[in-house]
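K.L.:
For reference, this is protein-v8.json, and it has JSON, C-alpha atoms and all ligand atoms.
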```json
[["chain", "number", "residue", "atom", "x", "y", "z"],
["A", 1, "MET", "CA", 80.32, 149.06, 152.82],
["A", 2, "SER", "CA", 81.63, 150.41, 149.58],
["A", 3, "ASN", "CA", 79.23, 149.97, 146.68],
["A", 4, "ARG", "CA", 82.08, 149.03, 144.36],
["A", 5, "GLU", "CA", 84.48, 146.53, 145.86],
["A", 6, "LEU", "CA", 86.28, 143.29, 145.20],
["A", 7, "VAL", "CA", 85.60, 140.53, 147.69],
["A", 8, "VAL", "CA", 88.42, 138.01, 147.45],
["A", 9, "LEU", "CA", 87.11, 134.48, 147.96],
["A", 10, "GLY", "CA", 90.26, 132.58, 147.10],
["A", 11, "THR", "CA", 93.76, 133.26, 145.83],
["A", 12, "ALA", "CA", 95.51, 129.93, 145.16],
["A", 13, "SER", "CA", 96.57, 128.62, 141.78],
["A", 14, "GLN", "CA", 96.50, 124.91, 140.99],
["A", 15, "ALA", "CA", 96.57, 123.58, 144.57],
["A", 16, "PRO", "CA", 94.94, 125.23, 147.59],
["A", 17, "THR", "CA", 97.07, 125.74, 150.70],
["A", 18, "ARG", "CA", 96.33, 126.08, 154.40],
["A", 19, "HIS", "CA", 95.87, 129.81, 153.91],
["A", 20, "ARG", "CA", 94.69, 130.12, 150.34],
["A", 21, "ASN", "CA", 91.51, 128.63, 148.89],
["A", 22, "HIS", "CA", 91.28, 128.06, 145.16],
["A", 23, "ASN", "CA", 90.41, 131.18, 143.12],
["A", 24, "GLY", "CA", 87.15, 133.02, 143.47],
["A", 25, "TYR", "CA", 86.30, 136.73, 143.26],
["A", 26, "PHE", "CA", 83.07, 138.61, 143.82],
["A", 27, "LEU", "CA", 82.91, 142.10, 142.37],
["A", 28, "ARG", "CA", 80.20, 144.27, 143.87],
["A", 29, "TRP", "CA", 79.42, 147.01, 141.36],
["A", 30, "ASP", "CA", 76.42, 149.01, 142.58],
["A", 31, "ALA", "CA", 73.42, 146.68, 142.33],
["A", 32, "ASP", "CA", 75.33, 144.10, 140.28],
["A", 33, "GLY", "CA", 77.37, 141.22, 141.67],
["A", 34, "LEU", "CA", 79.82, 139.53, 139.36],
["A", 35, "LEU", "CA", 81.33, 136.21, 140.36],
["A", 36, "PHE", "CA", 84.63, 135.52, 138.62],
["A", 37, "ASP", "CA", 86.31, 132.11, 138.34],
["A", 38, "PRO", "CA", 84.68, 130.14, 141.16],
["A", 39, "GLY", "CA", 87.20, 127.46, 142.09],
["A", 40, "GLU", "CA", 86.56, 124.58, 144.45],
["A", 41, "GLY", "CA", 85.23, 125.68, 147.84],
["A", 42, "THR", "CA", 83.79, 128.98, 146.60],
["A", 43, "GLN", "CA", 80.38, 128.34, 148.17],
["A", 44, "ARG", "CA", 81.88, 128.08, 151.66],
["A", 45, "GLN", "CA", 84.20, 131.03, 151.11],
["A", 46, "MET", "CA", 81.13, 133.08, 150.20],
["A", 47, "LEU", "CA", 79.70, 132.23, 153.60],
["A", 48, "PHE", "CA", 82.85, 133.46, 155.34],
["A", 49, "ALA", "CA", 82.81, 136.63, 153.23],
["A", 50, "ASP", "CA", 79.09, 137.38, 153.72],
["A", 51, "VAL", "CA", 78.36, 137.05, 150.02],
["A", 52, "THR", "CA", 75.00, 135.41, 149.36],
["A", 53, "ALA", "CA", 73.96, 133.43, 146.31],
["A", 54, "SER", "CA", 71.24, 135.96, 145.58],
["A", 55, "GLN", "CA", 73.79, 138.76, 145.27],
["A", 56, "ILE", "CA", 75.24, 137.12, 142.17],
["A", 57, "THR", "CA", 73.81, 138.59, 138.99],
["A", 58, "ARG", "CA", 76.52, 137.52, 136.54],
["A", 59, "ILE", "CA", 79.16, 134.80, 136.36],
["A", 60, "CYS", "CA", 82.35, 135.23, 134.34],
["A", 61, "VAL", "CA", 84.68, 132.28, 133.85],
["A", 62, "THR", "CA", 88.04, 132.88, 132.19],
["A", 63, "HIS", "CA", 88.75, 129.22, 131.41],
["A", 64, "PHE", "CA", 87.94, 125.73, 132.57],
["A", 65, "HIS", "CA", 91.01, 124.62, 134.46],
["A", 66, "GLY", "CA", 89.71, 123.27, 137.75],
["A", 67, "ASP", "CA", 91.11, 126.04, 139.95],
["A", 68, "HIS", "CA", 88.87, 128.49, 138.04],
["A", 69, "SER", "CA", 85.71, 126.47, 137.60],
["A", 70, "LEU", "CA", 85.24, 123.50, 139.93],
["A", 71, "GLY", "CA", 83.18, 125.71, 142.25],
["A", 72, "LEU", "CA", 80.53, 126.23, 139.58],
["A", 73, "PRO", "CA", 78.45, 123.12, 140.38],
["A", 74, "GLY", "CA", 78.17, 124.07, 144.04],
["A", 75, "VAL", "CA", 77.42, 127.73, 143.44],
["A", 76, "LEU", "CA", 74.81, 127.06, 140.75],
["A", 77, "GLN", "CA", 73.05, 124.48, 142.91],
["A", 78, "ARG", "CA", 73.13, 126.84, 145.87],
["A", 79, "MET", "CA", 71.48, 129.52, 143.73],
["A", 80, "SER", "CA", 68.66, 127.09, 142.98],
["A", 81, "LEU", "CA", 68.41, 126.04, 146.62],
["A", 82, "ASP", "CA", 68.13, 129.70, 147.66],
["A", 83, "ARG", "CA", 65.48, 130.28, 144.98],
["A", 84, "VAL", "CA", 67.38, 133.10, 143.32],
["A", 85, "ALA", "CA", 64.60, 134.68, 141.29],
["A", 86, "HIS", "CA", 66.47, 137.00, 138.95],
["A", 87, "VAL", "CA", 68.06, 136.07, 135.65],
["A", 88, "VAL", "CA", 71.77, 135.28, 135.98],
["A", 89, "GLU", "CA", 73.98, 135.53, 132.92],
["A", 90, "ALA", "CA", 77.05, 133.34, 132.51],
["A", 91, "HIS", "CA", 80.03, 134.10, 130.30],
["A", 92, "TYR", "CA", 82.86, 131.75, 129.39],
["A", 93, "PRO", "CA", 84.96, 130.90, 126.32],
["A", 94, "ALA", "CA", 82.52, 129.55, 123.72],
["A", 95, "GLU", "CA", 84.89, 126.74, 122.71],
["A", 96, "SER", "CA", 84.36, 125.22, 126.15],
["A", 97, "HIS", "CA", 80.58, 125.15, 126.04],
["A", 98, "GLU", "CA", 80.49, 121.40, 126.62],
["A", 99, "ILE", "CA", 82.48, 121.68, 129.83],
["A", 100, "PHE", "CA", 80.20, 124.38, 131.19],
["A", 101, "THR", "CA", 77.21, 122.13, 130.50],
["A", 102, "ARG", "CA", 78.91, 119.26, 132.28],
["A", 103, "LEU", "CA", 79.64, 121.36, 135.36],
["A", 104, "ARG", "CA", 76.16, 122.79, 135.43],
["A", 105, "HIS", "CA", 74.70, 119.28, 135.49],
["A", 106, "ALA", "CA", 77.46, 117.66, 137.52],
["A", 107, "SER", "CA", 75.02, 116.20, 140.05],
["A", 108, "LEU", "CA", 71.31, 115.78, 140.63],
["A", 109, "PHE", "CA", 69.35, 118.73, 141.97],
["A", 110, "HIS", "CA", 66.14, 120.60, 141.43],
["A", 111, "ASP", "CA", 67.24, 123.26, 138.97],
["A", 112, "THR", "CA", 65.14, 126.42, 139.24],
["A", 113, "LEU", "CA", 67.78, 128.96, 138.28],
["A", 114, "ALA", "CA", 67.04, 131.30, 135.38],
["A", 115, "LEU", "CA", 70.53, 130.99, 133.95],
["A", 116, "ARG", "CA", 71.18, 132.60, 130.61],
["A", 117, "GLU", "CA", 74.37, 131.41, 128.95],
["A", 118, "ARG", "CA", 76.14, 134.03, 126.90],
["A", 119, "PRO", "CA", 79.44, 132.44, 125.86],
["A", 120, "VAL", "CA", 82.19, 134.72, 124.60],
["A", 121, "GLN", "CA", 82.49, 134.12, 120.84],
["A", 122, "ARG", "CA", 85.00, 136.81, 119.96],
["A", 123, "ASP", "CA", 86.94, 139.77, 121.33],
["A", 124, "GLY", "CA", 84.87, 142.83, 122.12],
["A", 125, "VAL", "CA", 81.75, 143.85, 123.99],
["A", 126, "VAL", "CA", 80.00, 140.96, 125.71],
["A", 127, "THR", "CA", 77.10, 142.88, 127.14],
["A", 128, "GLU", "CA", 76.08, 146.36, 128.15],
["A", 129, "VAL", "CA", 74.00, 147.52, 131.12],
["A", 130, "PRO", "CA", 73.52, 151.12, 132.32],
["A", 131, "SER", "CA", 76.39, 151.04, 134.83],
["A", 132, "PHE", "CA", 79.01, 149.24, 132.72],
["A", 133, "ARG", "CA", 80.02, 147.63, 129.49],
["A", 134, "LEU", "CA", 81.55, 144.16, 129.84],
["A", 135, "GLU", "CA", 84.30, 143.36, 127.37],
["A", 136, "ALA", "CA", 86.34, 140.20, 126.80],
["A", 137, "ARG", "CA", 89.61, 139.41, 125.02],
["A", 138, "ALA", "CA", 91.27, 136.08, 124.29],
["A", 139, "LEU", "CA", 94.36, 135.53, 126.42],
["A", 140, "SER", "CA", 97.35, 133.26, 125.74],
["A", 141, "HIS", "CA", 97.14, 130.05, 127.79],
["A", 142, "PRO", "CA", 97.28, 126.37, 126.75],
["A", 143, "VAL", "CA", 93.45, 126.13, 126.82],
["A", 144, "PRO", "CA", 90.77, 128.59, 125.54],
["A", 145, "THR", "CA", 90.95, 131.53, 127.95],
["A", 146, "VAL", "CA", 89.47, 135.02, 128.00],
["A", 147, "GLY", "CA", 90.07, 138.02, 130.24],
["A", 148, "TYR", "CA", 87.39, 140.55, 131.12],
["A", 149, "ARG", "CA", 87.01, 144.22, 131.80],
["A", 150, "LEU", "CA", 84.19, 146.44, 133.02],
["A", 151, "VAL", "CA", 84.03, 149.94, 131.63],
["A", 152, "GLU", "CA", 81.64, 152.46, 133.12],
["A", 153, "PRO", "CA", 80.44, 155.06, 130.59],
["A", 154, "ASP", "CA", 81.98, 158.50, 130.99],
["A", 155, "GLY", "CA", 79.66, 161.06, 132.56],
["A", 156, "ARG", "CA", 79.77, 164.55, 134.02],
["A", 157, "ARG", "CA", 80.41, 165.69, 137.57],
["A", 158, "MET", "CA", 78.23, 168.62, 138.70],
["A", 159, "LEU", "CA", 80.10, 171.55, 140.27],
["A", 160, "PRO", "CA", 78.13, 172.88, 143.26],
["A", 161, "GLY", "CA", 79.92, 176.25, 143.22],
["A", 162, "GLU", "CA", 79.07, 176.89, 139.56],
["A", 163, "LEU", "CA", 75.46, 175.79, 140.09],
["A", 164, "ALA", "CA", 75.05, 178.15, 143.05],
["A", 165, "ALA", "CA", 76.67, 181.04, 141.20],
["A", 166, "ARG", "CA", 74.06, 180.72, 138.46],
["A", 167, "GLY", "CA", 71.16, 180.18, 140.83],
["A", 168, "VAL", "CA", 70.44, 176.61, 139.72],
["A", 169, "THR", "CA", 69.02, 174.67, 142.67],
["A", 170, "GLY", "CA", 66.76, 171.74, 143.60],
["A", 171, "PRO", "CA", 64.88, 169.95, 140.83],
["A", 172, "ASP", "CA", 66.34, 172.36, 138.26],
["A", 173, "ILE", "CA", 69.67, 170.53, 138.58],
["A", 174, "GLY", "CA", 68.09, 167.30, 137.33],
["A", 175, "ARG", "CA", 66.32, 169.18, 134.54],
["A", 176, "LEU", "CA", 69.59, 170.73, 133.45],
["A", 177, "GLN", "CA", 71.30, 167.32, 133.50],
["A", 178, "ARG", "CA", 68.60, 165.85, 131.28],
["A", 179, "ALA", "CA", 68.12, 168.75, 128.88],
["A", 180, "GLY", "CA", 71.70, 170.04, 128.75],
["A", 181, "ARG", "CA", 70.46, 173.64, 129.13],
["A", 182, "LEU", "CA", 68.08, 175.63, 131.29],
["A", 183, "SER", "CA", 66.96, 179.17, 131.83],
["A", 184, "ALA", "CA", 67.64, 180.37, 135.39],
["A", 185, "GLY", "CA", 66.93, 183.93, 136.52],
["A", 186, "GLY", "CA", 66.51, 185.02, 132.92],
["A", 187, "GLN", "CA", 69.88, 183.57, 131.89],
["A", 188, "LEU", "CA", 70.67, 180.52, 129.80],
["A", 189, "VAL", "CA", 72.77, 177.99, 131.72],
["A", 190, "THR", "CA", 74.39, 175.08, 129.90],
["A", 191, "LEU", "CA", 75.54, 171.79, 131.38],
["A", 192, "ASP", "CA", 79.13, 172.49, 130.28],
["A", 193, "GLN", "CA", 79.22, 175.64, 132.44],
["A", 194, "VAL", "CA", 78.29, 173.87, 135.66],
["A", 195, "SER", "CA", 79.93, 170.46, 135.30],
["A", 196, "GLU", "CA", 83.15, 168.80, 134.23],
["A", 197, "PRO", "CA", 83.84, 165.51, 132.46],
["A", 198, "ARG", "CA", 83.82, 162.53, 134.80],
["A", 199, "ARG", "CA", 85.68, 159.51, 133.55],
["A", 200, "GLY", "CA", 83.94, 156.20, 134.09],
["A", 201, "GLN", "CA", 85.59, 153.67, 136.38],
["A", 202, "ARG", "CA", 87.27, 150.59, 134.95],
["A", 203, "PHE", "CA", 87.93, 147.16, 136.37],
["A", 204, "ALA", "CA", 90.11, 144.55, 134.63],
["A", 205, "PHE", "CA", 90.41, 140.84, 135.33],
["A", 206, "VAL", "CA", 93.44, 139.17, 133.75],
["A", 207, "MET", "CA", 93.87, 135.54, 134.69],
["A", 208, "ASP", "CA", 95.95, 132.72, 133.36],
["A", 209, "THR", "CA", 98.03, 133.98, 130.48],
["A", 210, "ARG", "CA", 101.46, 134.54, 129.08],
["A", 211, "PRO", "CA", 102.32, 138.18, 128.49],
["A", 212, "CYS", "CA", 100.23, 139.18, 125.45],
["A", 213, "ASP", "CA", 98.70, 142.29, 123.87],
["A", 214, "ALA", "CA", 95.23, 141.37, 125.12],
["A", 215, "ALA", "CA", 96.39, 141.59, 128.74],
["A", 216, "PHE", "CA", 97.56, 145.16, 128.16],
["A", 217, "GLU", "CA", 94.36, 146.07, 126.30],
["A", 218, "LEU", "CA", 92.20, 144.75, 129.12],
["A", 219, "ALA", "CA", 94.25, 146.61, 131.73],
["A", 220, "ASP", "CA", 94.23, 149.90, 129.82],
["A", 221, "GLY", "CA", 93.42, 152.71, 132.25],
["A", 222, "ALA", "CA", 92.04, 150.30, 134.86],
["A", 223, "ASP", "CA", 91.24, 151.77, 138.26],
["A", 224, "MET", "CA", 91.63, 148.24, 139.60],
["A", 225, "LEU", "CA", 93.54, 145.51, 137.79],
["A", 226, "VAL", "CA", 93.23, 142.01, 139.21],
["A", 227, "CYS", "CA", 96.09, 140.05, 137.68],
["A", 228, "GLU", "CA", 97.45, 136.58, 138.05],
["A", 229, "SER", "CA", 101.03, 136.45, 139.32],
["A", 230, "THR", "CA", 101.58, 132.75, 139.69],
["A", 231, "PHE", "CA", 105.35, 132.94, 139.83],
["A", 232, "ALA", "CA", 108.13, 135.14, 141.16],
["A", 233, "ASP", "CA", 110.49, 136.62, 138.59],
["A", 234, "ALA", "CA", 113.21, 134.16, 139.63],
["A", 235, "ASP", "CA", 110.97, 131.39, 138.26],
["A", 236, "ALA", "CA", 110.25, 133.10, 134.93],
["A", 237, "GLY", "CA", 111.18, 129.87, 133.13],
["A", 238, "LEU", "CA", 108.33, 128.02, 134.83],
["A", 239, "ALA", "CA", 105.91, 130.84, 134.02],
["A", 240, "ARG", "CA", 106.90, 130.58, 130.38],
["A", 241, "ASP", "CA", 106.58, 126.79, 130.32],
["A", 242, "TYR", "CA", 103.11, 126.75, 131.86],
["A", 243, "GLY", "CA", 101.67, 129.86, 130.19],
["A", 244, "HIS", "CA", 101.58, 132.15, 133.21],
["A", 245, "LEU", "CA", 102.75, 135.56, 134.37],
["A", 246, "THR", "CA", 105.40, 136.43, 136.91],
["A", 247, "ALA", "CA", 104.69, 139.15, 139.45],
["A", 248, "GLY", "CA", 107.14, 141.41, 137.62],
["A", 249, "GLN", "CA", 105.24, 140.89, 134.36],
["A", 250, "ALA", "CA", 101.98, 141.72, 136.14],
["A", 251, "GLY", "CA", 103.69, 144.90, 137.36],
["A", 252, "ARG", "CA", 104.74, 145.79, 133.83],
["A", 253, "ILE", "CA", 101.21, 145.27, 132.52],
["A", 254, "ALA", "CA", 99.89, 147.61, 135.25],
["A", 255, "ALA", "CA", 102.59, 150.21, 134.58],
["A", 256, "GLU", "CA", 102.35, 150.30, 130.81],
["A", 257, "SER", "CA", 98.54, 150.26, 130.86],
["A", 258, "GLY", "CA", 98.26, 153.15, 133.30],
["A", 259, "ALA", "CA", 96.44, 151.05, 135.91],
["A", 260, "ARG", "CA", 95.97, 152.65, 139.35],
["A", 261, "LEU", "CA", 95.66, 149.70, 141.72],
["A", 262, "LEU", "CA", 97.20, 146.30, 141.01],
["A", 263, "VAL", "CA", 95.81, 143.29, 142.87],
["A", 264, "LEU", "CA", 98.15, 140.29, 142.66],
["A", 265, "THR", "CA", 96.58, 136.87, 143.03],
["A", 266, "HIS", "CA", 96.55, 133.26, 141.75],
["A", 267, "ILE", "CA", 99.59, 132.46, 143.86],
["A", 268, "SER", "CA", 101.54, 129.23, 143.50],
["A", 269, "GLN", "CA", 101.80, 127.12, 146.63],
["A", 270, "ARG", "CA", 105.59, 127.31, 146.35],
["A", 271, "TYR", "CA", 105.45, 130.87, 147.76],
["A", 272, "GLU", "CA", 103.29, 130.05, 150.78],
["A", 273, "SER", "CA", 105.92, 131.28, 153.23],
["A", 274, "ARG", "CA", 107.60, 133.89, 151.04],
["A", 275, "SER", "CA", 104.87, 135.58, 149.05],
["A", 276, "ALA", "CA", 106.32, 139.03, 149.90],
["A", 277, "GLN", "CA", 108.77, 138.31, 147.08],
["A", 278, "LEU", "CA", 105.90, 138.69, 144.62],
["A", 279, "LEU", "CA", 105.13, 142.17, 145.95],
["A", 280, "ASP", "CA", 108.78, 143.15, 145.58],
["A", 281, "ASP", "CA", 108.94, 141.85, 142.01],
["A", 282, "ALA", "CA", 105.79, 143.71, 140.99],
["A", 283, "ALA", "CA", 106.95, 146.92, 142.70],
["A", 284, "GLU", "CA", 110.15, 146.87, 140.61],
["A", 285, "ALA", "CA", 108.00, 147.47, 137.55],
["A", 286, "PHE", "CA", 104.99, 149.38, 138.91],
["A", 287, "GLY", "CA", 105.10, 152.47, 141.10],
["A", 288, "GLY", "CA", 101.37, 152.54, 141.87],
["A", 289, "GLN", "CA", 99.49, 150.86, 144.68],
["A", 290, "ILE", "CA", 99.85, 147.06, 144.86],
["A", 291, "VAL", "CA", 97.89, 144.64, 147.02],
["A", 292, "LEU", "CA", 98.91, 141.01, 147.36],
["A", 293, "ALA", "CA", 95.45, 139.52, 147.77],
["A", 294, "ALA", "CA", 94.65, 137.30, 150.74],
["A", 295, "ASP", "CA", 91.51, 135.21, 151.07],
["A", 296, "LEU", "CA", 88.50, 137.20, 152.33],
["A", 297, "ASP", "CA", 90.11, 140.59, 151.61],
["A", 298, "ARG", "CA", 87.67, 143.32, 150.66],
["A", 299, "ILE", "CA", 89.33, 145.81, 148.38],
["A", 300, "ALA", "CA", 87.48, 148.98, 147.42],
["A", 301, "VAL", "CA", 87.63, 150.12, 143.81],
["A", 302, "PRO", "CA", 89.75, 153.31, 144.16],
["A", 303, "LYS", "CA", 87.81, 156.55, 144.25],
["A", 304, "ARG", "CA", 87.58, 158.28, 140.91],
["A", 305, "ALA", "CA", 90.63, 160.20, 139.88],
["A", 306, "ARG", "CA", 89.75, 163.93, 139.77],
["A", 307, "ARG", "CA", 91.17, 164.51, 136.31],
["A", 308, "ARG", "CA", 93.08, 162.23, 133.98],
["H", 1, "ZN", "ZN", 94.70, 128.86, 137.14]]
```
What would the structure in this file look like if it were written as C-alpha cells?
P.N.:
Amino acid sequence: MSNRELVVLGTASQAPTRHRNHNGYFLRWDADGLLFDPGEGTQRQMLFADVTASQITRICVTHFHGDHSLGLPGVLQRMSLDRVAHVVEAHYPAESHEIFTRLRHASLFHDTLALRERPVQRDGVVTEVPSFRLEARALSHPVPTVGYRLVEPDGRRMLPGELAARGVTGPDIGRLQRAGRLSAGGQLVTLDQVSEPRRGQRFAFVMDTRPCDAAFELADGADMLVCESTFADADAGLARDYGHLTAGQAGRIAAESGARLLVLTHISQRYESRSAQLLDDAAEAFGGQIVLAADLDRIAVPKRARRR
C-alpha cells in the first residue's frame, strides 16, 4: 500500500449511474486521511474501498451541491458511531456555513465527534501541518466554491555516495541533517555537500468550475491533479452554461500548470457508454499521464521527480 494515494470513492456528477457513485475521494497522505466532497453513498463506498471512518483526519468540501456533500451526514454519524477519538477538521466555503450545520445535524444521533470547523474565509493557506500546507482558492461556479491543494514543504535528499565518501555514517547522518554541518574524520562536512534539494510533492483538487485563474494556480506544479471534466469538448456550450469544465479544458489546465498526472472525474451520466471520449479530449491538450477515474480506483501519487 502506497502511503500517498488517492482512493476514488465515486466519480459521477449530478446523477449517479449504474457504474459511478456520486463523488467522493479519500487522499491518504502519510498518517493523514483527507476526505474530499463526500456525495451520497460515500459511507458504503468507503466500505468497498477499505477506508474506515477512523482514517479520516480532515474533511474538505468544495461546495454544497448535493453530489459533493449529501454524504456528509452519513459519514459524520459513522465517525461518531465508530468512536473516532481524534480531532477532525472540516473545511468548506465560509458563505455556506449554515448548510454545513444543517447537514451535520440532519438527523438524530449521539454526536461524540471532536469536529473542528475551519471554514475557508479567503484565498490562501487554510492550515499547516508538518507534512503539508493546505491552501484554498475560490473557483468560478454558480454557488460559493473553493478548490484545494496540498503542498509538501521542500526538503533535501541525502546522497549515500557522498555520505560514504566523507565517512559520515549511522547516527551522524541525523546529526548532520539537524545541524547542517558536522566534523567527520577531522574534516568539516556540510549538508549541501552530501544532499540535493528535494521538491515537496503537490496534490491539487479542482472541482466544479468554469475555466478561471484559480484553477491554474491550484494546479501549478501538481504531481497529481484531480480535475472535474463533466463534459466532452463537443458539449462545451453546456459546460459554459452550467459553470463546468470540459475534458479538453481540464487537459489545458494540467498542461499549462505543469501537472504530472491528471485524474479526470465528475463525469456526466451522458457519457456512461462513451467516456473514452473524455480521455481523448484531454489528451489533445495534455501530453502527460491521464487517468479517467473509475469508482474504487486507487491511484498512487507519482513518485517524486528527480529534478525539476
Ligand atoms: Zn458537482
K.L.:
Mind giving me the straight-line distance from atom CA of Pro142 of chain A to atom CA of Arg104 of chain A in Å, one decimal?
P.N.:
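Spanning atom CA of Pro142 of chain A to atom CA of Arg104 of chain A is a straight-line distance of 23.1 Å.
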K.L.:
What's the separation between atom CA of Thr230 of chain A and atom CA of Thr265 of chain A, in Å to one decimal place?
P.N.:
7.3 Å
K.L.:
Which protein, DNA or RNA residues have an atom within 8 Å of ligand ZN 1 (chain H), counting all atoms listed in the file, as a ChimeraX atom specification?
P.N.:
/A:13-14,23,65-68,207-208,266
K.L.:
Which one of A:Leu76, A:Ala85, A:Met224, A:Ala94 sits closest to Asp111 of chain A if you count only C-alpha atoms?
P.N.:
A:Leu76
K.L.:
Contacts of segment 258-261 of chain A at 12 Å or less, counting only C-alpha atoms, minus same-chain residues fewer than 2 places along, as a PyMOL selection string?
P.N.:
chain A and resi 6+201-205+215-227+250-256+263-264+282-283+286-293+299-305+308
